[in-house]
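This is model_5.txt (compact mmCIF, N, CA and C atoms).
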```txt
# COMPACT_ATOMS: atom_id res chain seq x y z
N MET W 237 100.54 88.02 94.74
CA MET W 237 99.48 87.82 95.70
C MET W 237 98.39 88.88 95.50
N LYS W 238 97.14 88.45 95.57
CA LYS W 238 96.02 89.35 95.38
C LYS W 238 95.90 90.32 96.57
N GLU W 239 95.62 91.58 96.26
CA GLU W 239 95.48 92.58 97.31
C GLU W 239 94.21 92.32 98.11
N HIS W 240 94.27 92.53 99.40
CA HIS W 240 93.12 92.36 100.28
C HIS W 240 92.04 93.36 99.88
N PRO W 241 90.76 92.96 99.85
CA PRO W 241 89.69 93.85 99.40
C PRO W 241 89.57 95.15 100.22
N PHE W 242 90.06 95.16 101.45
CA PHE W 242 89.95 96.36 102.28
C PHE W 242 91.30 97.07 102.46
N GLN W 243 92.25 96.80 101.57
CA GLN W 243 93.57 97.43 101.68
C GLN W 243 93.45 98.96 101.61
N GLY W 244 92.59 99.47 100.75
CA GLY W 244 92.39 100.92 100.65
C GLY W 244 91.84 101.49 101.94
N TRP W 245 90.95 100.77 102.60
CA TRP W 245 90.39 101.21 103.88
C TRP W 245 91.48 101.28 104.95
N LEU W 246 92.37 100.28 104.95
CA LEU W 246 93.49 100.29 105.91
C LEU W 246 94.40 101.48 105.67
N GLU W 247 94.67 101.76 104.39
CA GLU W 247 95.53 102.90 104.06
C GLU W 247 94.88 104.21 104.48
N LYS W 248 93.58 104.33 104.30
CA LYS W 248 92.87 105.54 104.69
C LYS W 248 92.91 105.73 106.20
N ALA W 249 92.79 104.64 106.94
CA ALA W 249 92.84 104.73 108.40
C ALA W 249 94.17 105.29 108.88
N ALA W 250 95.23 105.02 108.14
CA ALA W 250 96.56 105.51 108.51
C ALA W 250 96.63 107.03 108.52
N LYS W 251 95.76 107.68 107.79
CA LYS W 251 95.80 109.14 107.68
C LYS W 251 95.12 109.85 108.83
N HIS W 252 94.42 109.10 109.70
CA HIS W 252 93.72 109.71 110.83
C HIS W 252 94.61 109.70 112.06
N SER W 253 94.70 110.85 112.73
CA SER W 253 95.52 110.92 113.93
C SER W 253 94.85 110.13 115.05
N GLY W 254 95.66 109.59 115.92
CA GLY W 254 95.15 108.83 117.05
C GLY W 254 95.00 107.35 116.79
N ILE W 255 95.07 106.92 115.54
CA ILE W 255 94.95 105.49 115.24
C ILE W 255 96.33 104.85 115.36
N LEU W 256 96.41 103.83 116.21
CA LEU W 256 97.67 103.12 116.43
C LEU W 256 97.81 101.94 115.48
N ALA W 257 96.67 101.31 115.16
CA ALA W 257 96.68 100.15 114.28
C ALA W 257 95.25 99.89 113.82
N CYS W 258 95.13 99.13 112.74
CA CYS W 258 93.81 98.76 112.25
C CYS W 258 93.93 97.43 111.52
N GLY W 259 92.79 96.77 111.39
CA GLY W 259 92.81 95.49 110.70
C GLY W 259 91.43 95.07 110.27
N VAL W 260 91.37 94.13 109.33
CA VAL W 260 90.12 93.57 108.82
C VAL W 260 90.31 92.07 108.71
N ARG W 261 89.30 91.34 109.18
CA ARG W 261 89.26 89.88 109.01
C ARG W 261 88.00 89.55 108.25
N LEU W 262 88.15 88.90 107.10
CA LEU W 262 87.00 88.50 106.29
C LEU W 262 86.45 87.17 106.79
N ALA W 263 85.26 86.82 106.35
CA ALA W 263 84.63 85.57 106.74
C ALA W 263 85.44 84.36 106.28
N ASN W 264 86.25 84.52 105.25
CA ASN W 264 87.08 83.40 104.78
C ASN W 264 88.38 83.28 105.57
N GLN W 265 88.48 84.03 106.65
CA GLN W 265 89.61 84.05 107.58
C GLN W 265 90.83 84.79 107.07
N SER W 266 90.76 85.43 105.90
CA SER W 266 91.90 86.23 105.46
C SER W 266 91.95 87.49 106.30
N ILE W 267 93.16 87.89 106.63
CA ILE W 267 93.37 89.03 107.53
C ILE W 267 94.35 90.00 106.88
N ALA W 268 94.04 91.28 107.01
CA ALA W 268 94.97 92.34 106.61
C ALA W 268 95.05 93.32 107.77
N VAL W 269 96.26 93.71 108.14
CA VAL W 269 96.45 94.64 109.26
C VAL W 269 97.46 95.70 108.88
N LYS W 270 97.40 96.79 109.60
CA LYS W 270 98.34 97.90 109.42
C LYS W 270 98.62 98.44 110.82
N SER W 271 99.88 98.54 111.18
CA SER W 271 100.25 99.08 112.48
C SER W 271 101.08 100.35 112.29
N PHE W 272 100.78 101.33 113.13
CA PHE W 272 101.49 102.61 113.06
C PHE W 272 102.20 102.89 114.36
N ASP W 273 102.33 101.86 115.21
CA ASP W 273 102.93 102.01 116.53
C ASP W 273 103.78 100.78 116.82
N GLN W 274 105.00 101.00 117.29
CA GLN W 274 105.90 99.88 117.57
C GLN W 274 105.36 98.95 118.66
N GLY W 275 104.51 99.48 119.53
CA GLY W 275 103.94 98.67 120.60
C GLY W 275 102.86 97.71 120.14
N LEU W 276 102.43 97.83 118.90
CA LEU W 276 101.40 96.94 118.34
C LEU W 276 101.92 96.31 117.04
N PRO W 277 102.79 95.31 117.16
CA PRO W 277 103.30 94.68 115.94
C PRO W 277 102.18 94.00 115.16
N GLU W 278 102.32 93.96 113.85
CA GLU W 278 101.29 93.41 112.98
C GLU W 278 101.00 91.94 113.28
N ALA W 279 102.00 91.15 113.64
CA ALA W 279 101.77 89.74 113.96
C ALA W 279 100.85 89.62 115.18
N ARG W 280 101.05 90.47 116.17
CA ARG W 280 100.20 90.43 117.36
C ARG W 280 98.79 90.89 117.02
N LEU W 281 98.67 91.86 116.13
CA LEU W 281 97.36 92.35 115.71
C LEU W 281 96.59 91.26 114.96
N LYS W 282 97.27 90.47 114.15
CA LYS W 282 96.61 89.37 113.45
C LYS W 282 96.08 88.34 114.45
N ASP W 283 96.87 88.02 115.46
CA ASP W 283 96.42 87.09 116.50
C ASP W 283 95.22 87.67 117.24
N PHE W 284 95.28 88.97 117.52
CA PHE W 284 94.18 89.62 118.22
C PHE W 284 92.88 89.55 117.41
N LEU W 285 92.96 89.78 116.11
CA LEU W 285 91.77 89.72 115.27
C LEU W 285 91.13 88.33 115.30
N GLN W 286 91.95 87.30 115.31
CA GLN W 286 91.41 85.94 115.41
C GLN W 286 90.68 85.77 116.75
N CYS W 287 91.30 86.19 117.84
CA CYS W 287 90.67 86.08 119.16
C CYS W 287 89.41 86.94 119.24
N LEU W 288 89.46 88.13 118.70
CA LEU W 288 88.31 89.03 118.73
C LEU W 288 87.13 88.42 117.99
N THR W 289 87.39 87.77 116.88
CA THR W 289 86.33 87.11 116.12
C THR W 289 85.65 86.05 116.98
N GLU W 290 86.44 85.27 117.69
CA GLU W 290 85.88 84.23 118.55
C GLU W 290 85.08 84.82 119.70
N VAL W 291 85.59 85.90 120.31
CA VAL W 291 84.88 86.55 121.41
C VAL W 291 83.57 87.16 120.92
N ALA W 292 83.62 87.86 119.81
CA ALA W 292 82.41 88.50 119.27
C ALA W 292 81.36 87.45 118.93
N PHE W 293 81.80 86.33 118.36
CA PHE W 293 80.87 85.26 118.02
C PHE W 293 80.24 84.68 119.29
N GLY W 294 81.06 84.46 120.32
CA GLY W 294 80.55 83.94 121.59
C GLY W 294 79.57 84.90 122.25
N LEU W 295 79.86 86.19 122.22
CA LEU W 295 78.95 87.18 122.79
C LEU W 295 77.62 87.20 122.05
N ARG W 296 77.69 87.14 120.73
CA ARG W 296 76.44 87.14 119.94
C ARG W 296 75.62 85.89 120.19
N ASN W 297 76.28 84.75 120.29
CA ASN W 297 75.56 83.51 120.57
C ASN W 297 74.91 83.53 121.94
N SER W 298 75.48 84.28 122.87
CA SER W 298 74.90 84.43 124.21
C SER W 298 73.95 85.60 124.28
N GLN W 299 73.69 86.23 123.15
CA GLN W 299 72.82 87.40 123.04
C GLN W 299 73.32 88.56 123.90
N LEU W 300 74.64 88.70 124.00
CA LEU W 300 75.25 89.78 124.77
C LEU W 300 75.94 90.82 123.90
N GLY W 301 76.16 90.52 122.66
CA GLY W 301 76.93 91.42 121.81
C GLY W 301 76.16 91.86 120.59
N GLY W 302 76.59 92.97 120.06
CA GLY W 302 76.00 93.49 118.84
C GLY W 302 77.03 93.54 117.75
N SER W 303 76.79 94.37 116.77
CA SER W 303 77.71 94.47 115.64
C SER W 303 78.89 95.40 115.95
N ARG W 304 78.80 96.15 117.05
CA ARG W 304 79.90 97.04 117.45
C ARG W 304 80.32 96.74 118.88
N LEU W 305 81.64 96.72 119.09
CA LEU W 305 82.20 96.51 120.42
C LEU W 305 83.27 97.55 120.69
N ARG W 306 83.44 97.90 121.97
CA ARG W 306 84.49 98.85 122.36
C ARG W 306 85.07 98.40 123.68
N TRP W 307 86.40 98.40 123.75
CA TRP W 307 87.10 98.12 124.98
C TRP W 307 87.91 99.35 125.33
N VAL W 308 87.84 99.75 126.60
CA VAL W 308 88.56 100.94 127.07
C VAL W 308 89.65 100.49 128.03
N PHE W 309 90.86 100.92 127.76
CA PHE W 309 92.02 100.59 128.59
C PHE W 309 92.63 101.88 129.13
N GLU W 310 93.63 101.73 129.96
CA GLU W 310 94.25 102.89 130.58
C GLU W 310 94.80 103.88 129.56
N HIS W 311 95.45 103.39 128.53
CA HIS W 311 96.11 104.28 127.57
C HIS W 311 95.53 104.23 126.16
N GLY W 312 94.47 103.48 125.95
CA GLY W 312 93.92 103.39 124.61
C GLY W 312 92.56 102.72 124.59
N GLN W 313 92.04 102.58 123.39
CA GLN W 313 90.74 101.97 123.20
C GLN W 313 90.77 101.11 121.94
N LEU W 314 89.97 100.06 121.95
CA LEU W 314 89.80 99.20 120.78
C LEU W 314 88.34 99.27 120.36
N TYR W 315 88.12 99.51 119.09
CA TYR W 315 86.78 99.57 118.52
C TYR W 315 86.68 98.50 117.45
N SER W 316 85.54 97.84 117.37
CA SER W 316 85.34 96.89 116.29
C SER W 316 83.91 97.00 115.77
N VAL W 317 83.75 96.63 114.51
CA VAL W 317 82.44 96.60 113.88
C VAL W 317 82.41 95.37 112.97
N ARG W 318 81.24 94.72 112.92
CA ARG W 318 81.08 93.53 112.10
C ARG W 318 80.03 93.81 111.03
N ARG W 319 80.36 93.43 109.82
CA ARG W 319 79.42 93.56 108.69
C ARG W 319 78.51 92.34 108.65
N GLN W 320 77.42 92.48 107.93
CA GLN W 320 76.47 91.38 107.78
C GLN W 320 77.11 90.16 107.10
N ASP W 321 78.09 90.39 106.23
CA ASP W 321 78.74 89.28 105.53
C ASP W 321 79.82 88.60 106.37
N GLY W 322 79.96 89.01 107.63
CA GLY W 322 80.91 88.37 108.53
C GLY W 322 82.26 89.07 108.63
N ALA W 323 82.54 90.04 107.80
CA ALA W 323 83.81 90.76 107.88
C ALA W 323 83.85 91.59 109.16
N LEU W 324 85.01 91.66 109.78
CA LEU W 324 85.20 92.37 111.04
C LEU W 324 86.34 93.37 110.88
N ALA W 325 86.11 94.61 111.31
CA ALA W 325 87.17 95.63 111.28
C ALA W 325 87.47 96.05 112.71
N VAL W 326 88.72 96.39 112.97
CA VAL W 326 89.12 96.84 114.30
C VAL W 326 90.03 98.05 114.16
N LEU W 327 89.86 98.99 115.09
CA LEU W 327 90.72 100.16 115.19
C LEU W 327 91.29 100.21 116.60
N ALA W 328 92.60 100.29 116.72
CA ALA W 328 93.26 100.50 118.00
C ALA W 328 93.60 101.99 118.07
N MET W 329 93.09 102.66 119.09
CA MET W 329 93.17 104.12 119.17
C MET W 329 93.83 104.58 120.47
N ARG W 330 94.46 105.75 120.39
CA ARG W 330 94.84 106.45 121.61
C ARG W 330 93.56 106.95 122.25
N LYS W 331 93.59 107.19 123.55
CA LYS W 331 92.42 107.78 124.19
C LYS W 331 92.33 109.23 123.73
N ASP W 332 91.36 109.51 122.90
CA ASP W 332 91.17 110.84 122.34
C ASP W 332 89.68 111.02 122.06
N HIS W 333 89.04 111.84 122.87
CA HIS W 333 87.60 112.04 122.71
C HIS W 333 87.25 112.75 121.41
N ASN W 334 88.23 113.38 120.76
CA ASN W 334 87.99 114.05 119.48
C ASN W 334 88.08 113.10 118.30
N ALA W 335 88.39 111.82 118.55
CA ALA W 335 88.55 110.85 117.47
C ALA W 335 87.24 110.24 117.00
N THR W 336 86.14 110.50 117.71
CA THR W 336 84.86 109.89 117.37
C THR W 336 84.46 110.12 115.91
N PRO W 337 84.58 111.33 115.38
CA PRO W 337 84.20 111.51 113.96
C PRO W 337 85.02 110.63 113.01
N ALA W 338 86.31 110.46 113.29
CA ALA W 338 87.16 109.62 112.43
C ALA W 338 86.72 108.16 112.52
N ILE W 339 86.41 107.70 113.72
CA ILE W 339 85.96 106.32 113.91
C ILE W 339 84.66 106.10 113.14
N GLU W 340 83.73 107.00 113.32
CA GLU W 340 82.43 106.86 112.64
C GLU W 340 82.58 106.90 111.13
N GLU W 341 83.44 107.79 110.63
CA GLU W 341 83.67 107.88 109.18
C GLU W 341 84.26 106.59 108.63
N LEU W 342 85.28 106.07 109.31
CA LEU W 342 85.93 104.85 108.85
C LEU W 342 84.98 103.65 108.90
N PHE W 343 84.23 103.53 109.99
CA PHE W 343 83.31 102.40 110.11
C PHE W 343 82.15 102.52 109.13
N ALA W 344 81.68 103.73 108.88
CA ALA W 344 80.61 103.92 107.89
C ALA W 344 81.10 103.48 106.51
N GLU W 345 82.32 103.84 106.16
CA GLU W 345 82.89 103.43 104.87
C GLU W 345 83.06 101.91 104.82
N PHE W 346 83.54 101.32 105.91
CA PHE W 346 83.72 99.87 105.97
C PHE W 346 82.39 99.16 105.76
N LEU W 347 81.36 99.63 106.45
CA LEU W 347 80.04 99.00 106.36
C LEU W 347 79.40 99.20 104.98
N ALA W 348 79.70 100.32 104.33
CA ALA W 348 79.08 100.65 103.05
C ALA W 348 79.80 100.03 101.85
N THR W 349 81.00 99.53 102.06
CA THR W 349 81.76 98.95 100.96
C THR W 349 80.96 97.80 100.35
N VAL W 350 80.98 97.71 99.04
CA VAL W 350 80.25 96.66 98.34
C VAL W 350 80.64 95.32 98.93
N ARG W 351 79.64 94.51 99.10
CA ARG W 351 79.83 93.20 99.75
C ARG W 351 80.98 92.43 99.11
N VAL W 352 81.84 91.92 99.95
CA VAL W 352 82.96 91.11 99.51
C VAL W 352 82.50 89.66 99.55
N GLU W 353 82.60 88.97 98.42
CA GLU W 353 82.19 87.56 98.35
C GLU W 353 83.38 86.70 98.75
N PRO W 354 83.38 86.22 99.99
CA PRO W 354 84.52 85.41 100.44
C PRO W 354 84.44 83.98 99.93
N GLU W 355 85.61 83.37 99.80
CA GLU W 355 85.67 81.95 99.53
C GLU W 355 85.75 81.29 100.89
N ILE W 356 84.75 80.49 101.24
CA ILE W 356 84.75 79.84 102.54
C ILE W 356 85.79 78.73 102.53
N LEU W 357 86.70 78.76 103.49
CA LEU W 357 87.74 77.76 103.58
C LEU W 357 87.20 76.52 104.27
N ALA W 358 87.70 75.37 103.90
CA ALA W 358 87.29 74.13 104.55
C ALA W 358 87.66 74.22 106.03
N GLY W 359 86.73 73.84 106.88
CA GLY W 359 87.00 73.87 108.32
C GLY W 359 86.84 75.24 108.93
N SER W 360 86.24 76.18 108.22
CA SER W 360 86.04 77.52 108.76
C SER W 360 85.13 77.44 109.97
N PRO W 361 85.37 78.28 110.98
CA PRO W 361 84.49 78.28 112.14
C PRO W 361 83.11 78.77 111.75
N PRO W 362 82.09 78.51 112.58
CA PRO W 362 80.72 78.86 112.23
C PRO W 362 80.53 80.33 111.89
N GLU W 363 81.28 81.23 112.53
CA GLU W 363 81.06 82.65 112.23
C GLU W 363 81.43 82.99 110.81
N ALA W 364 82.24 82.15 110.18
CA ALA W 364 82.64 82.41 108.80
C ALA W 364 81.53 82.09 107.82
N ALA W 365 80.56 81.31 108.25
CA ALA W 365 79.51 80.88 107.34
C ALA W 365 78.22 81.66 107.54
N GLU W 366 78.28 82.80 108.19
CA GLU W 366 77.08 83.56 108.51
C GLU W 366 76.70 84.56 107.43
N LEU W 367 76.88 84.21 106.20
CA LEU W 367 76.64 85.16 105.13
C LEU W 367 75.20 85.62 105.07
N GLY W 368 74.26 84.79 105.46
CA GLY W 368 72.85 85.18 105.40
C GLY W 368 72.32 85.66 106.74
N ALA W 369 73.20 85.83 107.72
CA ALA W 369 72.75 86.21 109.06
C ALA W 369 72.16 87.62 109.06
N ALA W 370 71.18 87.82 109.89
CA ALA W 370 70.56 89.13 110.02
C ALA W 370 71.51 90.07 110.73
N PRO W 371 71.52 91.35 110.38
CA PRO W 371 72.43 92.29 111.03
C PRO W 371 72.01 92.54 112.47
N ASP W 372 73.01 92.78 113.31
CA ASP W 372 72.75 93.16 114.70
C ASP W 372 72.65 94.65 114.77
N SER W 373 71.81 95.15 115.65
CA SER W 373 71.72 96.59 115.83
C SER W 373 72.23 97.02 117.18
N GLY W 374 72.58 96.05 118.02
CA GLY W 374 73.00 96.37 119.38
C GLY W 374 74.43 96.81 119.45
N THR W 375 74.78 97.44 120.55
CA THR W 375 76.12 97.90 120.80
C THR W 375 76.51 97.50 122.21
N VAL W 376 77.72 97.02 122.40
CA VAL W 376 78.23 96.70 123.71
C VAL W 376 79.40 97.61 123.98
N GLU W 377 79.42 98.20 125.14
CA GLU W 377 80.56 99.05 125.51
C GLU W 377 81.11 98.59 126.83
```
Write-out of the structure in structure tokens:
Amino acid sequence: MKEHPFQGWLEKAAKHSGILACGVRLANQSIAVKSFDQGLPEARLKDFLQCLTEVAFGLRNSQLGGSRLRWVFEHGQLYSVRRQDGALAVLAMRKDHNATPAIEELFAEFLATVRVEPEILAGSPPEAAELGAAPDSGTVE
């Protein structure tokens, strides 16, 4: 099986303290995830990435969302960023105000990675076909 184009990014995320799990969903719907916490099994993270893609697409269509989203919970936070080519990355973090530099470093690397040319699958949802879409500059928190 071919390695996911962002497998190295997932491995790098594992080296940062405070990260519970991370994942990437490409526009062709392929998903790669890495979990470092028993409370976030990889199967559940894959399901979450699919739901997050739908939510982010709905927010953007309603002009409520940008390329970055953050959810704050009692014991953790979820951060996501979307690339212009439709790829979406997510980081599940412990609540740690000192983690901001790690988040920014990982997302900057994710955004700067050479464009991944996805194979669009038949029946892909509209967000998968947004290869020519203009980048969003907004942020929702």
Task: Selected residue of minimal separation from Phe242 (chain W) among W:Leu256, W:Leu295, W:Val317, W:Ala268, counting only N, CA and C atoms - done: W:Ala268
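Checking W:Ser271, W:Ser266, W:Gln313, W:Asn297 one by one against Arg330 (chain W), counting only C-alpha atoms, you find the shortest gap at W:Gln313.
Here CA of Val269 (chain W) is placed at a distance of 14.3 Å from CA of Cys287 (chain W).
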Task: For Arg280 (chain W): contacts at 12 Å, only C-alpha atoms, fewer than 3 positions along chain excluded, given as a ChimeraX atom specification - done: /W:257-259,269-271,273-277,283-287
Residues just named, written with N, CA and C atoms as a PDB file, in the coordinates of the input:
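Final file, result-v1.pdb:
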```
ATOM      1  N   ALA W 257      96.670 101.310 115.160  1.00  0.00           N
ATOM      2  CA  ALA W 257      96.680 100.150 114.280  1.00  0.00           C
ATOM      3  C   ALA W 257      95.250  99.890 113.820  1.00  0.00           C
ATOM      4  N   CYS W 258      95.130  99.130 112.740  1.00  0.00           N
ATOM      5  CA  CYS W 258      93.810  98.760 112.250  1.00  0.00           C
ATOM      6  C   CYS W 258      93.930  97.430 111.520  1.00  0.00           C
ATOM      7  N   GLY W 259      92.790  96.770 111.390  1.00  0.00           N
ATOM      8  CA  GLY W 259      92.810  95.490 110.700  1.00  0.00           C
ATOM      9  C   GLY W 259      91.430  95.070 110.270  1.00  0.00           C
ATOM     10  N   VAL W 269      96.260  93.710 108.140  1.00  0.00           N
ATOM     11  CA  VAL W 269      96.450  94.640 109.260  1.00  0.00           C
ATOM     12  C   VAL W 269      97.460  95.700 108.880  1.00  0.00           C
ATOM     13  N   LYS W 270      97.400  96.790 109.600  1.00  0.00           N
ATOM     14  CA  LYS W 270      98.340  97.900 109.420  1.00  0.00           C
ATOM     15  C   LYS W 270      98.620  98.440 110.820  1.00  0.00           C
ATOM     16  N   SER W 271      99.880  98.540 111.180  1.00  0.00           N
ATOM     17  CA  SER W 271     100.250  99.080 112.480  1.00  0.00           C
ATOM     18  C   SER W 271     101.080 100.350 112.290  1.00  0.00           C
ATOM     19  N   ASP W 273     102.330 101.860 115.210  1.00  0.00           N
ATOM     20  CA  ASP W 273     102.930 102.010 116.530  1.00  0.00           C
ATOM     21  C   ASP W 273     103.780 100.780 116.820  1.00  0.00           C
ATOM     22  N   GLN W 274     105.000 101.000 117.290  1.00  0.00           N
ATOM     23  CA  GLN W 274     105.900  99.880 117.570  1.00  0.00           C
ATOM     24  C   GLN W 274     105.360  98.950 118.660  1.00  0.00           C
ATOM     25  N   GLY W 275     104.510  99.480 119.530  1.00  0.00           N
ATOM     26  CA  GLY W 275     103.940  98.670 120.600  1.00  0.00           C
ATOM     27  C   GLY W 275     102.860  97.710 120.140  1.00  0.00           C
ATOM     28  N   LEU W 276     102.430  97.830 118.900  1.00  0.00           N
ATOM     29  CA  LEU W 276     101.400  96.940 118.340  1.00  0.00           C
ATOM     30  C   LEU W 276     101.920  96.310 117.040  1.00  0.00           C
ATOM     31  N   PRO W 277     102.790  95.310 117.160  1.00  0.00           N
ATOM     32  CA  PRO W 277     103.300  94.680 115.940  1.00  0.00           C
ATOM     33  C   PRO W 277     102.180  94.000 115.160  1.00  0.00           C
ATOM     34  N   ASP W 283      96.870  88.020 115.460  1.00  0.00           N
ATOM     35  CA  ASP W 283      96.420  87.090 116.500  1.00  0.00           C
ATOM     36  C   ASP W 283      95.220  87.670 117.240  1.00  0.00           C
ATOM     37  N   PHE W 284      95.280  88.970 117.520  1.00  0.00           N
ATOM     38  CA  PHE W 284      94.180  89.620 118.220  1.00  0.00           C
ATOM     39  C   PHE W 284      92.880  89.550 117.410  1.00  0.00           C
ATOM     40  N   LEU W 285      92.960  89.780 116.110  1.00  0.00           N
ATOM     41  CA  LEU W 285      91.770  89.720 115.270  1.00  0.00           C
ATOM     42  C   LEU W 285      91.130  88.330 115.300  1.00  0.00           C
ATOM     43  N   GLN W 286      91.950  87.300 115.310  1.00  0.00           N
ATOM     44  CA  GLN W 286      91.410  85.940 115.410  1.00  0.00           C
ATOM     45  C   GLN W 286      90.680  85.770 116.750  1.00  0.00           C
ATOM     46  N   CYS W 287      91.300  86.190 117.840  1.00  0.00           N
ATOM     47  CA  CYS W 287      90.670  86.080 119.160  1.00  0.00           C
ATOM     48  C   CYS W 287      89.410  86.940 119.240  1.00  0.00           C
TER      49      CYS W 287
END
```
TODO: Would you work out the distance separating CA of Ala249 (chain W) from CA of Leu342 (chain W), expressed in Å to one decimal?
DONE: 6.9 Å
Task: Atomic distance atom N of Glu247 (chain W) - CA of Glu310 (chain W), expressed in Å with one decimal - done: 26.2 Å
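Of the residues listed (W:Ala323, W:Arg296, W:Ser253, W:Val308), W:Ser253 shows the shortest atom-to-atom separation from Ala338 (chain W); distances use all atoms listed in the file.
DSSP secondary structure from the backbone places Glu278, Ala279, Arg280, Leu281, Lys282, Asp283, Phe284, Leu285, Gln286, Cys287, Leu288, Thr289, Glu290, Val291, Ala292, Phe293, Gly294, Leu295, Arg296 and Asn297 of chain W of region 265-312 of chain W in helix (DSSP H, G or I).
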Task: Expected answer as a ChimeraX atom specification: strand (DSSP E) residues in region 242-372 of chain W - done: /W:255-261,267-271,304-308,312-318,324-330
Write the residues of the selection above to a file with N, CA and C atoms, as a short mmCIF file (atom, residue, chain, number, x, y, z; two decimals), in the frame of the given file.
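Contents of selection-v4.cif, freshly written:
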```
data_model
loop_
_atom_site.label_atom_id
_atom_site.label_comp_id
_atom_site.auth_asym_id
_atom_site.auth_seq_id
_atom_site.Cartn_x
_atom_site.Cartn_y
_atom_site.Cartn_z
N ILE W 255 95.07 106.92 115.54
CA ILE W 255 94.95 105.49 115.24
C ILE W 255 96.33 104.85 115.36
N LEU W 256 96.41 103.83 116.21
CA LEU W 256 97.67 103.12 116.43
C LEU W 256 97.81 101.94 115.48
N ALA W 257 96.67 101.31 115.16
CA ALA W 257 96.68 100.15 114.28
C ALA W 257 95.25 99.89 113.82
N CYS W 258 95.13 99.13 112.74
CA CYS W 258 93.81 98.76 112.25
C CYS W 258 93.93 97.43 111.52
N GLY W 259 92.79 96.77 111.39
CA GLY W 259 92.81 95.49 110.70
C GLY W 259 91.43 95.07 110.27
N VAL W 260 91.37 94.13 109.33
CA VAL W 260 90.12 93.57 108.82
C VAL W 260 90.31 92.07 108.71
N ARG W 261 89.30 91.34 109.18
CA ARG W 261 89.26 89.88 109.01
C ARG W 261 88.00 89.55 108.25
N ILE W 267 93.16 87.89 106.63
CA ILE W 267 93.37 89.03 107.53
C ILE W 267 94.35 90.00 106.88
N ALA W 268 94.04 91.28 107.01
CA ALA W 268 94.97 92.34 106.61
C ALA W 268 95.05 93.32 107.77
N VAL W 269 96.26 93.71 108.14
CA VAL W 269 96.45 94.64 109.26
C VAL W 269 97.46 95.70 108.88
N LYS W 270 97.40 96.79 109.60
CA LYS W 270 98.34 97.90 109.42
C LYS W 270 98.62 98.44 110.82
N SER W 271 99.88 98.54 111.18
CA SER W 271 100.25 99.08 112.48
C SER W 271 101.08 100.35 112.29
N ARG W 304 78.80 96.15 117.05
CA ARG W 304 79.90 97.04 117.45
C ARG W 304 80.32 96.74 118.88
N LEU W 305 81.64 96.72 119.09
CA LEU W 305 82.20 96.51 120.42
C LEU W 305 83.27 97.55 120.69
N ARG W 306 83.44 97.90 121.97
CA ARG W 306 84.49 98.85 122.36
C ARG W 306 85.07 98.40 123.68
N TRP W 307 86.40 98.40 123.75
CA TRP W 307 87.10 98.12 124.98
C TRP W 307 87.91 99.35 125.33
N VAL W 308 87.84 99.75 126.60
CA VAL W 308 88.56 100.94 127.07
C VAL W 308 89.65 100.49 128.03
N GLY W 312 94.47 103.48 125.95
CA GLY W 312 93.92 103.39 124.61
C GLY W 312 92.56 102.72 124.59
N GLN W 313 92.04 102.58 123.39
CA GLN W 313 90.74 101.97 123.20
C GLN W 313 90.77 101.11 121.94
N LEU W 314 89.97 100.06 121.95
CA LEU W 314 89.80 99.20 120.78
C LEU W 314 88.34 99.27 120.36
N TYR W 315 88.12 99.51 119.09
CA TYR W 315 86.78 99.57 118.52
C TYR W 315 86.68 98.50 117.45
N SER W 316 85.54 97.84 117.37
CA SER W 316 85.34 96.89 116.29
C SER W 316 83.91 97.00 115.77
N VAL W 317 83.75 96.63 114.51
CA VAL W 317 82.44 96.60 113.88
C VAL W 317 82.41 95.37 112.97
N ARG W 318 81.24 94.72 112.92
CA ARG W 318 81.08 93.53 112.10
C ARG W 318 80.03 93.81 111.03
N LEU W 324 85.01 91.66 109.78
CA LEU W 324 85.20 92.37 111.04
C LEU W 324 86.34 93.37 110.88
N ALA W 325 86.11 94.61 111.31
CA ALA W 325 87.17 95.63 111.28
C ALA W 325 87.47 96.05 112.71
N VAL W 326 88.72 96.39 112.97
CA VAL W 326 89.12 96.84 114.30
C VAL W 326 90.03 98.05 114.16
N LEU W 327 89.86 98.99 115.09
CA LEU W 327 90.72 100.16 115.19
C LEU W 327 91.29 100.21 116.60
N ALA W 328 92.60 100.29 116.72
CA ALA W 328 93.26 100.50 118.00
C ALA W 328 93.60 101.99 118.07
N MET W 329 93.09 102.66 119.09
CA MET W 329 93.17 104.12 119.17
C MET W 329 93.83 104.58 120.47
N ARG W 330 94.46 105.75 120.39
CA ARG W 330 94.84 106.45 121.61
C ARG W 330 93.56 106.95 122.25
#
```
TODO: Place a sphere of radius 10 Å on (93.0, 83.9, 106.8) in the file coordinates and name every protein, DNA or RNA residue with an atom inside or on its surface, counting only C-alpha atoms; give the answer as a PyMOL selection string.
DONE: chain W and resi 261-268+282+286+357+360
